[in-house]
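Structure file coords23.txt (compact mmCIF, C-alpha atoms and all ligand atoms) follows.
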```txt
# COMPACT_ATOMS: atom_id res chain seq x y z
CA MET A 1 34.48 61.03 162.01
CA ASP A 2 33.10 57.65 163.06
CA ASP A 3 34.92 54.74 164.63
CA LYS A 4 34.68 52.53 161.57
CA LYS A 5 37.86 50.76 160.50
CA ILE A 6 39.37 52.03 157.26
CA ILE A 7 40.31 49.57 154.52
CA ALA A 8 42.68 51.14 151.98
CA VAL A 9 42.10 49.51 148.61
CA VAL A 10 44.71 49.53 145.85
CA GLY A 11 43.24 49.18 142.36
CA ALA A 12 39.89 50.51 143.58
CA THR A 13 38.71 51.37 140.06
CA GLY A 14 39.71 47.92 138.79
CA ALA A 15 38.27 44.43 139.01
CA GLN A 16 39.63 43.08 142.30
CA GLY A 17 39.80 46.32 144.26
CA GLY A 18 36.50 47.54 142.84
CA GLY A 19 34.73 44.41 144.04
CA LEU A 20 36.17 44.91 147.52
CA CYS A 21 35.11 48.58 147.61
CA ARG A 22 31.55 47.68 146.60
CA ALA A 23 31.39 44.82 149.11
CA ILE A 24 32.37 47.15 151.96
CA LEU A 25 30.17 50.04 150.79
CA LYS A 26 27.12 47.81 150.51
CA ASP A 27 27.57 46.52 154.05
CA VAL A 28 26.50 49.79 155.63
CA GLY A 29 26.44 48.54 159.22
CA GLY A 30 29.56 46.40 158.86
CA GLY A 31 31.96 48.62 160.78
CA TYR A 32 34.33 49.31 157.87
CA ARG A 33 34.96 52.29 155.62
CA VAL A 34 36.58 52.36 152.18
CA ARG A 35 39.58 54.38 151.17
CA ALA A 36 39.57 53.90 147.42
CA LEU A 37 43.02 54.41 145.91
CA THR A 38 43.44 55.57 142.32
CA ARG A 39 45.90 57.49 140.18
CA ASN A 40 43.06 59.70 138.99
CA THR A 41 40.48 60.90 141.48
CA GLY A 42 38.63 62.67 138.66
CA SER A 43 37.83 59.55 136.61
CA ASP A 44 34.23 58.38 136.21
CA LYS A 45 34.93 55.22 138.19
CA ALA A 46 36.55 57.18 141.03
CA LYS A 47 33.61 59.60 141.10
CA GLU A 48 31.18 56.68 141.19
CA LEU A 49 32.97 55.23 144.24
CA LYS A 50 32.86 58.62 145.92
CA LYS A 51 29.14 58.85 145.22
CA MET A 52 28.68 55.45 146.84
CA GLY A 53 30.38 56.76 150.00
CA ALA A 54 34.07 55.95 149.58
CA GLU A 55 36.89 58.27 150.54
CA VAL A 56 38.85 58.57 147.30
CA MET A 57 42.58 59.21 147.53
CA GLU A 58 45.33 59.49 144.98
CA VAL A 59 48.11 56.89 144.92
CA ASP A 60 50.71 55.62 142.52
CA ILE A 61 52.03 52.22 143.53
CA ASP A 62 55.34 53.14 141.89
CA ASP A 63 55.74 55.86 144.52
CA VAL A 64 56.30 54.48 148.01
CA GLU A 65 55.69 57.85 149.69
CA SER A 66 52.24 58.09 148.12
CA LEU A 67 51.53 54.56 149.39
CA LYS A 68 52.59 55.54 152.91
CA ARG A 69 50.19 58.49 152.82
CA ALA A 70 47.44 56.26 151.43
CA PHE A 71 47.84 53.58 154.12
CA ARG A 72 48.21 56.03 157.06
CA GLY A 73 45.47 55.47 159.65
CA ALA A 74 44.11 52.43 157.84
CA HIS A 75 43.19 49.26 159.69
CA GLY A 76 43.50 47.14 156.55
CA ALA A 77 45.17 47.35 153.15
CA PHE A 78 44.30 45.39 150.02
CA CYS A 79 47.37 45.14 147.81
CA VAL A 80 47.40 44.10 144.16
CA THR A 81 49.70 44.71 141.17
CA PHE A 82 48.78 45.17 137.52
CA PHE A 83 50.97 42.94 135.37
CA TRP A 84 49.01 43.38 132.15
CA GLU A 85 49.51 47.16 132.21
CA HIS A 86 53.30 46.79 131.76
CA PHE A 87 54.23 43.08 131.37
CA SER A 88 57.14 43.53 133.79
CA PRO A 89 57.64 41.06 136.66
CA GLU A 90 60.44 43.29 137.99
CA LYS A 91 58.01 46.20 138.24
CA GLU A 92 55.52 43.99 140.08
CA LEU A 93 58.23 42.95 142.52
CA ALA A 94 59.21 46.57 143.19
CA GLU A 95 55.57 47.62 143.60
CA ALA A 96 54.82 44.77 146.00
CA GLU A 97 57.89 45.67 148.04
CA SER A 98 56.76 49.29 148.19
CA MET A 99 53.28 48.26 149.33
CA ALA A 100 54.72 46.00 152.03
CA ALA A 101 57.08 48.76 153.21
CA ALA A 102 54.23 51.29 153.29
CA ALA A 103 51.94 48.90 155.19
CA LYS A 104 54.70 48.37 157.75
CA ALA A 105 55.38 52.10 158.09
CA ALA A 106 51.66 52.79 158.56
CA GLY A 107 51.24 50.02 161.14
CA VAL A 108 48.38 48.46 159.20
CA LYS A 109 46.68 45.69 161.23
CA HIS A 110 45.76 43.41 158.33
CA VAL A 111 47.13 43.28 154.78
CA ILE A 112 45.70 41.15 152.01
CA TRP A 113 48.24 40.53 149.26
CA SER A 114 46.62 39.32 146.04
CA THR A 115 49.12 36.74 144.91
CA LEU A 116 49.60 33.66 142.76
CA GLU A 117 51.90 30.65 142.83
CA ASP A 118 55.62 30.97 142.13
CA THR A 119 55.52 28.15 139.57
CA ARG A 120 59.30 27.72 139.75
CA LYS A 121 58.72 25.73 142.96
CA TRP A 122 57.02 23.08 140.78
CA VAL A 123 58.93 23.63 137.53
CA PRO A 124 62.47 24.86 138.28
CA LEU A 125 64.09 27.06 135.66
CA GLY A 126 66.24 24.16 134.39
CA ASP A 127 63.16 21.97 133.79
CA PRO A 128 62.64 21.70 130.01
CA ARG A 129 58.91 20.92 130.26
CA MET A 130 58.16 24.57 129.60
CA PRO A 131 60.40 27.33 128.26
CA THR A 132 62.04 29.81 130.59
CA LEU A 133 60.78 33.33 129.84
CA MET A 134 62.54 36.68 130.42
CA LYS A 135 65.58 34.67 131.62
CA LYS A 136 64.23 34.12 135.17
CA TYR A 137 60.63 32.98 135.01
CA LYS A 138 58.39 30.16 133.91
CA VAL A 139 55.10 32.07 134.31
CA PRO A 140 56.24 35.69 134.77
CA HIS A 141 52.93 37.12 136.03
CA PHE A 142 52.57 34.28 138.55
CA ASP A 143 56.18 33.89 139.63
CA ALA A 144 56.74 37.55 140.50
CA LYS A 145 53.63 37.63 142.67
CA GLY A 146 54.65 34.43 144.47
CA GLU A 147 58.21 35.67 144.89
CA ALA A 148 56.85 38.94 146.31
CA ASN A 149 55.15 37.07 149.18
CA ARG A 150 58.42 37.33 151.04
CA PHE A 151 58.25 41.14 151.16
CA PHE A 152 55.17 40.74 153.35
CA SER A 153 56.33 37.75 155.42
CA GLU A 154 59.90 38.98 156.00
CA ARG A 155 58.54 42.20 157.48
CA ASP A 156 56.34 40.17 159.85
CA LEU A 157 53.32 41.95 158.48
CA PRO A 158 49.92 40.64 159.58
CA ALA A 159 49.24 39.43 156.05
CA THR A 160 46.86 37.05 154.31
CA PHE A 161 48.10 35.67 150.99
CA LEU A 162 45.11 35.49 148.66
CA LEU A 163 45.44 33.08 145.72
CA THR A 164 43.02 34.25 143.03
CA SER A 165 41.74 32.39 139.97
CA PHE A 166 41.14 32.90 136.24
CA TYR A 167 38.44 35.55 135.81
CA TRP A 168 35.34 34.39 133.94
CA GLU A 169 35.50 37.98 132.53
CA ASN A 170 38.53 36.95 130.45
CA LEU A 171 35.93 35.72 127.98
CA ILE A 172 34.79 39.34 127.61
CA HIS A 173 37.88 41.51 128.05
CA PHE A 174 40.87 39.29 127.45
CA GLY A 175 40.04 37.83 124.03
CA MET A 176 39.42 34.36 125.43
CA GLY A 177 35.79 34.02 124.40
CA PRO A 178 34.50 31.69 121.68
CA LYS A 179 35.89 32.36 118.20
CA ARG A 180 34.55 31.17 114.90
CA GLY A 181 36.73 28.58 113.21
CA GLU A 182 37.22 28.20 109.48
CA ASP A 183 34.37 25.68 109.50
CA GLY A 184 32.06 28.39 110.86
CA ASN A 185 31.65 26.71 114.24
CA LEU A 186 32.37 28.45 117.55
CA TYR A 187 35.37 27.21 119.52
CA ILE A 188 36.78 27.99 122.93
CA THR A 189 40.53 27.41 122.78
CA LEU A 190 42.44 26.39 125.89
CA PRO A 191 45.55 24.24 126.34
CA MET A 192 44.06 22.43 129.34
CA GLY A 193 43.47 18.95 127.93
CA ASP A 194 40.80 17.31 130.10
CA LYS A 195 41.91 19.11 133.25
CA LYS A 196 39.93 21.52 135.41
CA LEU A 197 40.42 25.27 135.26
CA PRO A 198 39.59 27.07 138.53
CA GLY A 199 37.78 30.30 137.71
CA ILE A 200 35.99 33.12 139.43
CA ALA A 201 33.76 36.14 138.79
CA SER A 202 36.24 38.96 139.43
CA GLU A 203 33.67 40.75 141.63
CA ASP A 204 33.72 37.71 143.95
CA ILE A 205 37.43 38.25 144.71
CA GLY A 206 36.56 41.48 146.52
CA LYS A 207 33.67 39.82 148.36
CA CYS A 208 36.04 37.11 149.59
CA ALA A 209 38.65 39.70 150.55
CA TYR A 210 36.04 41.57 152.60
CA ALA A 211 35.07 38.32 154.34
CA ILE A 212 38.75 37.75 155.16
CA PHE A 213 39.03 41.22 156.72
CA ARG A 214 35.83 40.62 158.66
CA ARG A 215 37.12 37.34 160.09
CA GLY A 216 39.76 39.35 162.01
CA SER A 217 42.94 37.46 162.77
CA GLU A 218 41.69 34.05 161.53
CA PHE A 219 43.60 34.16 158.22
CA ILE A 220 46.59 36.26 159.24
CA GLY A 221 49.79 34.48 158.23
CA LYS A 222 47.77 32.08 156.05
CA THR A 223 47.39 31.43 152.35
CA VAL A 224 43.79 31.38 151.19
CA GLY A 225 42.76 30.20 147.70
CA ILE A 226 39.41 31.02 146.09
CA ALA A 227 37.40 29.92 143.04
CA GLY A 228 33.74 29.83 142.03
CA GLY A 229 34.07 26.70 139.93
CA HIS A 230 36.53 24.16 138.53
CA PRO A 231 35.13 23.42 135.06
CA THR A 232 36.97 21.47 132.37
CA GLY A 233 37.20 22.83 128.83
CA VAL A 234 34.41 20.45 127.78
CA GLN A 235 32.21 21.69 130.62
CA MET A 236 32.96 25.33 129.76
CA ALA A 237 32.02 24.70 126.13
CA ALA A 238 28.78 23.00 127.21
CA ALA A 239 27.86 25.88 129.52
CA LEU A 240 28.63 28.39 126.75
CA THR A 241 26.53 26.38 124.29
CA LYS A 242 23.57 26.59 126.66
CA ALA A 243 24.09 30.27 127.47
CA LEU A 244 24.67 31.49 123.90
CA GLY A 245 22.12 29.22 122.24
CA GLU A 246 24.67 28.07 119.67
CA GLU A 247 27.01 25.12 119.88
CA VAL A 248 30.45 25.99 121.25
CA ARG A 249 33.14 23.33 120.89
CA TYR A 250 36.22 22.90 123.02
CA ASN A 251 39.44 23.27 121.01
CA ALA A 252 42.04 21.62 123.24
CA VAL A 253 45.33 22.78 121.74
CA SER A 254 48.73 21.94 123.20
CA PRO A 255 50.55 24.52 125.34
CA GLU A 256 53.19 24.71 122.57
CA VAL A 257 50.56 25.76 120.05
CA TYR A 258 49.06 28.27 122.53
CA ARG A 259 52.48 29.80 123.24
CA GLY A 260 52.89 30.33 119.49
CA PHE A 261 49.67 32.32 119.03
CA GLY A 262 51.77 35.47 118.97
CA PHE A 263 49.57 37.90 120.91
CA PRO A 264 51.28 39.84 123.72
CA GLY A 265 51.60 37.51 126.71
CA ALA A 266 50.85 34.32 124.73
CA GLU A 267 53.99 32.54 125.98
CA ASP A 268 53.31 33.56 129.58
CA LEU A 269 49.69 32.36 129.33
CA GLY A 270 50.70 29.15 127.51
CA ASN A 271 53.02 28.32 130.38
CA MET A 272 50.35 29.34 132.90
CA PHE A 273 47.77 26.98 131.44
CA GLN A 274 50.36 24.20 131.20
CA PHE A 275 51.14 24.68 134.89
CA LYS A 276 47.44 24.49 135.76
CA ARG A 277 47.04 21.43 133.55
CA ASP A 278 50.11 19.54 134.78
CA PHE A 279 49.59 20.36 138.47
CA GLU A 280 45.79 20.18 138.44
CA SER A 281 45.45 18.54 141.80
CA ALA A 282 47.71 21.03 143.65
CA PHE A 283 46.24 24.03 141.81
CA CYS A 284 42.59 23.06 142.33
CA GLY A 285 43.34 21.80 145.84
CA ALA A 286 44.62 25.26 146.80
CA ARG A 287 41.26 26.73 145.69
CA SER A 288 38.60 24.69 147.47
CA LEU A 289 35.06 25.42 146.27
CA GLU A 290 33.56 24.57 149.66
CA PHE A 291 35.91 26.92 151.46
CA SER A 292 35.35 29.69 148.89
CA ARG A 293 31.57 29.38 149.26
CA ALA A 294 31.88 29.44 153.05
CA LEU A 295 33.75 32.75 152.75
CA ASN A 296 31.34 34.17 150.18
CA PRO A 297 28.02 32.32 149.94
CA SER A 298 27.06 34.20 146.75
CA MET A 299 30.15 32.92 144.87
CA LYS A 300 29.26 32.52 141.19
CA THR A 301 29.79 29.31 139.28
CA PHE A 302 30.63 29.64 135.57
CA GLU A 303 27.00 28.86 134.73
CA ALA A 304 25.65 31.47 137.14
CA TRP A 305 28.10 34.05 135.80
CA LEU A 306 27.04 33.22 132.22
CA ASP A 307 23.38 33.68 133.14
CA GLU A 308 24.15 37.31 133.96
CA ASN A 309 26.85 38.03 131.39
CA ARG A 310 26.02 36.08 128.23
CA ASP A 311 25.17 39.28 126.31
CA ARG A 312 28.57 40.81 127.13
CA ILE A 313 30.55 38.01 125.48
CA PRO A 314 31.55 39.16 122.01
CA VAL A 315 30.54 36.52 119.46
CA GLU A 316 31.25 36.98 115.79
CA LYS A 317 28.16 36.37 113.70
CA GLY A 318 28.56 33.66 111.12
CA THR A 319 27.12 30.80 109.25
CA ARG A 320 28.09 27.31 110.10
CA ARG A 321 29.42 25.19 107.28
CA ALA A 322 29.65 21.44 107.26
CA SER A 323 33.28 20.35 107.35
CA GLY A 324 34.71 19.65 103.90
CA GLU A 325 32.57 22.33 102.28
N1 LIG A 401 42.65 38.24 134.42
C1 LIG A 401 42.72 37.21 135.24
O1 LIG A 401 42.16 36.14 135.00
C2 LIG A 401 43.48 37.32 136.52
C3 LIG A 401 43.36 36.28 137.45
C4 LIG A 401 44.05 36.35 138.64
C5 LIG A 401 44.90 37.43 138.89
N2 LIG A 401 45.00 38.43 137.95
C6 LIG A 401 45.90 39.54 138.24
O2 LIG A 401 45.12 40.66 138.58
C7 LIG A 401 45.97 41.80 138.51
C8 LIG A 401 45.17 42.99 138.07
O3 LIG A 401 44.10 43.23 138.95
P1 LIG A 401 42.71 43.76 138.41
O4 LIG A 401 42.21 42.79 137.38
O5 LIG A 401 41.89 44.09 139.57
O6 LIG A 401 43.17 45.06 137.63
P2 LIG A 401 42.35 45.97 136.62
O7 LIG A 401 40.89 45.69 136.66
O8 LIG A 401 43.06 45.92 135.31
O9 LIG A 401 42.52 47.38 137.29
C9 LIG A 401 43.66 48.05 137.18
C10 LIG A 401 43.50 49.28 138.08
O10 LIG A 401 44.77 49.51 138.64
C11 LIG A 401 44.98 50.87 138.77
N3 LIG A 401 46.40 51.11 138.54
C12 LIG A 401 47.14 50.75 137.48
N4 LIG A 401 48.41 51.15 137.65
C13 LIG A 401 48.46 51.76 138.86
C14 LIG A 401 49.49 52.40 139.59
N5 LIG A 401 50.75 52.51 139.12
N6 LIG A 401 49.19 52.92 140.79
C15 LIG A 401 47.94 52.84 141.28
N7 LIG A 401 46.91 52.25 140.63
C16 LIG A 401 47.19 51.73 139.43
C17 LIG A 401 44.08 51.52 137.75
O11 LIG A 401 43.34 52.48 138.37
P3 LIG A 401 43.46 54.05 138.07
O12 LIG A 401 43.60 54.21 136.59
O13 LIG A 401 42.15 54.55 138.62
O14 LIG A 401 44.64 54.51 138.83
C18 LIG A 401 43.12 50.42 137.29
O15 LIG A 401 41.77 50.69 137.55
C19 LIG A 401 47.07 41.44 137.50
O16 LIG A 401 48.34 41.55 138.12
C20 LIG A 401 46.76 40.01 137.09
O17 LIG A 401 47.92 39.23 136.94
C21 LIG A 401 44.29 38.40 136.80
```
Output the file's structure in the form of structure tokens.
Amino acid sequence: MDDKKIIAVVGATGAQGGGLCRAILKDVGGGYRVRALTRNTGSDKAKELKKMGAEVMEVDIDDVESLKRAFRGAHGAFCVTFFWEHFSPEKELAEAESMAAAAKAAGVKHVIWSTLEDTRKWVPLGDPRMPTLMKKYKVPHFDAKGEANRFFSERDLPATFLLTSFYWENLIHFGMGPKRGEDGNLYITLPMGDKKLPGIASEDIGKCAYAIFRRGSEFIGKTVGIAGGHPTGVQMAAALTKALGEEVRYNAVSPEVYRGFGFPGAEDLGNMFQFKRDFESAFCGARSLEFSRALNPSMKTFEAWLDENRDRIPVEKGTRRASGE
């Protein structure tokens, strides 16, 4: 056993936690070790982390006792919830509370809670600008995370509240990439008007989290927001045009139209984009590019991410037709 500090990472086989595991594992002389937490230690991703040098341990964030075991002896804990696995803000709240309770019980010295804004502070439930969803939320997957901040602060945990951003990978995995319109042209559809959308390569979240752990007590008790770029829809379309070698146009629909798209989570995401659009200055201001780059100098802009990932973006083949044909 060495004297390296253990960082217990929830969601180690996922985007945020995986990035953190790899950041720690690559920094061989950095003084930290990874405890990668997963429900299935036998999965390919878990085995890969083990091969890279991580300690892999089983956890279920719905089971507080398993969290206590997983955090025992750890210096740091990275905590994240998985809204899109269950679409339940109540479940996220319960899971965050369990993680906070387990971190307290284990005496963890530094917790990073991957959170987002409780949008009800800007748009109270009675505000008709956007519909209330699930009776208690405006943007369920944001609001529950923001509300859960208190589980960490009320316990006086040494916590950093990490505000993440839209993953550039949503263009690959979340169905948000360019789609062919009836006119045969490619369109990226976002209800952002001419406002900026802070985004990030999901791998960079973990790199930033590692930098936060490495800075010791500097960010304890603080909220830290990160992004790799703040492009507008027009700028995203231009970058995609260059990367894909075919014109991509920006289809700026209204949030109402987006909410009506009918896919699971469309209303939640329609409200989310409306919040980002209507509170652009606060939302971007909380995610300074300069600060993010100071934390993680290799932070990827949208263009840099596209350079590496253009071939992973699914694009339907098609022939462009002139409008009116
Ligand atoms: N997409 C975006 O643009 C975006 C932006 C900001 C924030 N977020 C937030 O990011 C969160 C998801 O993080 P992510 O993208 O890193 O997740 P992810 O890549 O989808 O990874 C999910 C991982 O969580 C683990 N997991 C799921 N349920 C678990 C449970 N009950 N106990 C323990 N582990 C569990 C799974 O690992 P095993 O199967 O190995 O257990 C899985 O690998 C969401 O809450 C979302 O709201 C997303």
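Restricting the calculation to only C-alpha atoms, the smallest distance between Arg214 of chain A and any of A:Ala144, A:Ala105, A:Leu116, A:Ile24 is found for A:Ile24.
Across the structure, atom CA of Lys104 of chain A and atom CA of Ala46 of chain A are spaced 26.2 Å apart.
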Write out as JSON lines a residue-level contact list of chain A versus ligand LIG 401 (chain A) with cut-off 7 Å: for each qualifying residue the closest pair of atoms and the distance in Å to one decimal, counting only C-alpha atoms and all ligand atoms, rows sorted by chain and residue number upward.
```
{"residue": "A:Val10", "atom": "CA", "partner": "A:LIG401", "partner_atom": "N7", "distance": 6.3}
{"residue": "A:Gly11", "atom": "CA", "partner": "A:LIG401", "partner_atom": "O10", "distance": 4.0}
{"residue": "A:Ala12", "atom": "CA", "partner": "A:LIG401", "partner_atom": "O15", "distance": 6.3}
{"residue": "A:Thr13", "atom": "CA", "partner": "A:LIG401", "partner_atom": "O15", "distance": 4.0}
{"residue": "A:Gly14", "atom": "CA", "partner": "A:LIG401", "partner_atom": "O9", "distance": 3.2}
{"residue": "A:Ala15", "atom": "CA", "partner": "A:LIG401", "partner_atom": "O5", "distance": 3.7}
{"residue": "A:Gln16", "atom": "CA", "partner": "A:LIG401", "partner_atom": "O5", "distance": 3.7}
{"residue": "A:Gly17", "atom": "CA", "partner": "A:LIG401", "partner_atom": "O5", "distance": 5.6}
{"residue": "A:Leu37", "atom": "CA", "partner": "A:LIG401", "partner_atom": "N7", "distance": 6.9}
{"residue": "A:Thr38", "atom": "CA", "partner": "A:LIG401", "partner_atom": "O14", "distance": 3.8}
{"residue": "A:Arg39", "atom": "CA", "partner": "A:LIG401", "partner_atom": "O14", "distance": 3.5}
{"residue": "A:Asn40", "atom": "CA", "partner": "A:LIG401", "partner_atom": "O13", "distance": 5.2}
{"residue": "A:Ser43", "atom": "CA", "partner": "A:LIG401", "partner_atom": "O13", "distance": 6.9}
{"residue": "A:Ala46", "atom": "CA", "partner": "A:LIG401", "partner_atom": "O13", "distance": 6.6}
{"residue": "A:Val59", "atom": "CA", "partner": "A:LIG401", "partner_atom": "C15", "distance": 5.4}
{"residue": "A:Asp60", "atom": "CA", "partner": "A:LIG401", "partner_atom": "N6", "distance": 3.5}
{"residue": "A:Ile61", "atom": "CA", "partner": "A:LIG401", "partner_atom": "N6", "distance": 4.0}
{"residue": "A:Asp62", "atom": "CA", "partner": "A:LIG401", "partner_atom": "N5", "distance": 5.4}
{"residue": "A:Val80", "atom": "CA", "partner": "A:LIG401", "partner_atom": "O3", "distance": 6.2}
{"residue": "A:Thr81", "atom": "CA", "partner": "A:LIG401", "partner_atom": "O16", "distance": 4.6}
{"residue": "A:Phe82", "atom": "CA", "partner": "A:LIG401", "partner_atom": "O16", "distance": 3.7}
{"residue": "A:Phe83", "atom": "CA", "partner": "A:LIG401", "partner_atom": "O16", "distance": 4.1}
{"residue": "A:Trp84", "atom": "CA", "partner": "A:LIG401", "partner_atom": "C19", "distance": 6.0}
{"residue": "A:Glu85", "atom": "CA", "partner": "A:LIG401", "partner_atom": "C12", "distance": 6.8}
{"residue": "A:His141", "atom": "CA", "partner": "A:LIG401", "partner_atom": "O17", "distance": 5.5}
{"residue": "A:Phe142", "atom": "CA", "partner": "A:LIG401", "partner_atom": "O17", "distance": 7.0}
{"residue": "A:Thr164", "atom": "CA", "partner": "A:LIG401", "partner_atom": "C4", "distance": 5.0}
{"residue": "A:Ser165", "atom": "CA", "partner": "A:LIG401", "partner_atom": "C4", "distance": 4.8}
{"residue": "A:Phe166", "atom": "CA", "partner": "A:LIG401", "partner_atom": "O1", "distance": 3.6}
{"residue": "A:Tyr167", "atom": "CA", "partner": "A:LIG401", "partner_atom": "O1", "distance": 3.9}
{"residue": "A:Asn170", "atom": "CA", "partner": "A:LIG401", "partner_atom": "N1", "distance": 5.9}
```
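Ranking A:Arg249, A:Lys91, A:Arg129, A:Lys242 by their shortest atom-to-atom distance to Arg180 of chain A, with all atoms listed in the file included, puts A:Arg249 first.
Put simply, atom CA of Tyr258 of chain A is 5.3 Å away from atom CA of Gly270 of chain A.
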Do a neighbour search on Lys207 of chain A at 6 Å with only C-alpha atoms, toss out local chain neighbours closer than 3 positions, and write the hits as an mmCIF file with C-alpha atoms, keeping the file's coordinate frame.
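Produced file out.cif, reproduced below:
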```cif
data_model
loop_
_atom_site.group_PDB
_atom_site.id
_atom_site.type_symbol
_atom_site.label_atom_id
_atom_site.label_comp_id
_atom_site.auth_asym_id
_atom_site.auth_seq_id
_atom_site.Cartn_x
_atom_site.Cartn_y
_atom_site.Cartn_z
ATOM 1 C CA LEU A 20 36.170 44.910 147.520
ATOM 2 C CA ALA A 23 31.390 44.820 149.110
ATOM 3 C CA ASP A 204 33.720 37.710 143.950
ATOM 4 C CA TYR A 210 36.040 41.570 152.600
#
```
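With only C-alpha atoms as the atoms that count, the minimum distance from Leu269 of chain A to the choices A:Tyr250, A:Tyr32, A:Phe174, A:Phe161 is reached by A:Phe174.
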Quote the spacing between atom CA of Gly228 of chain A and atom CA of Lys196 of chain A in Å to one decimal place.
12.3 Å
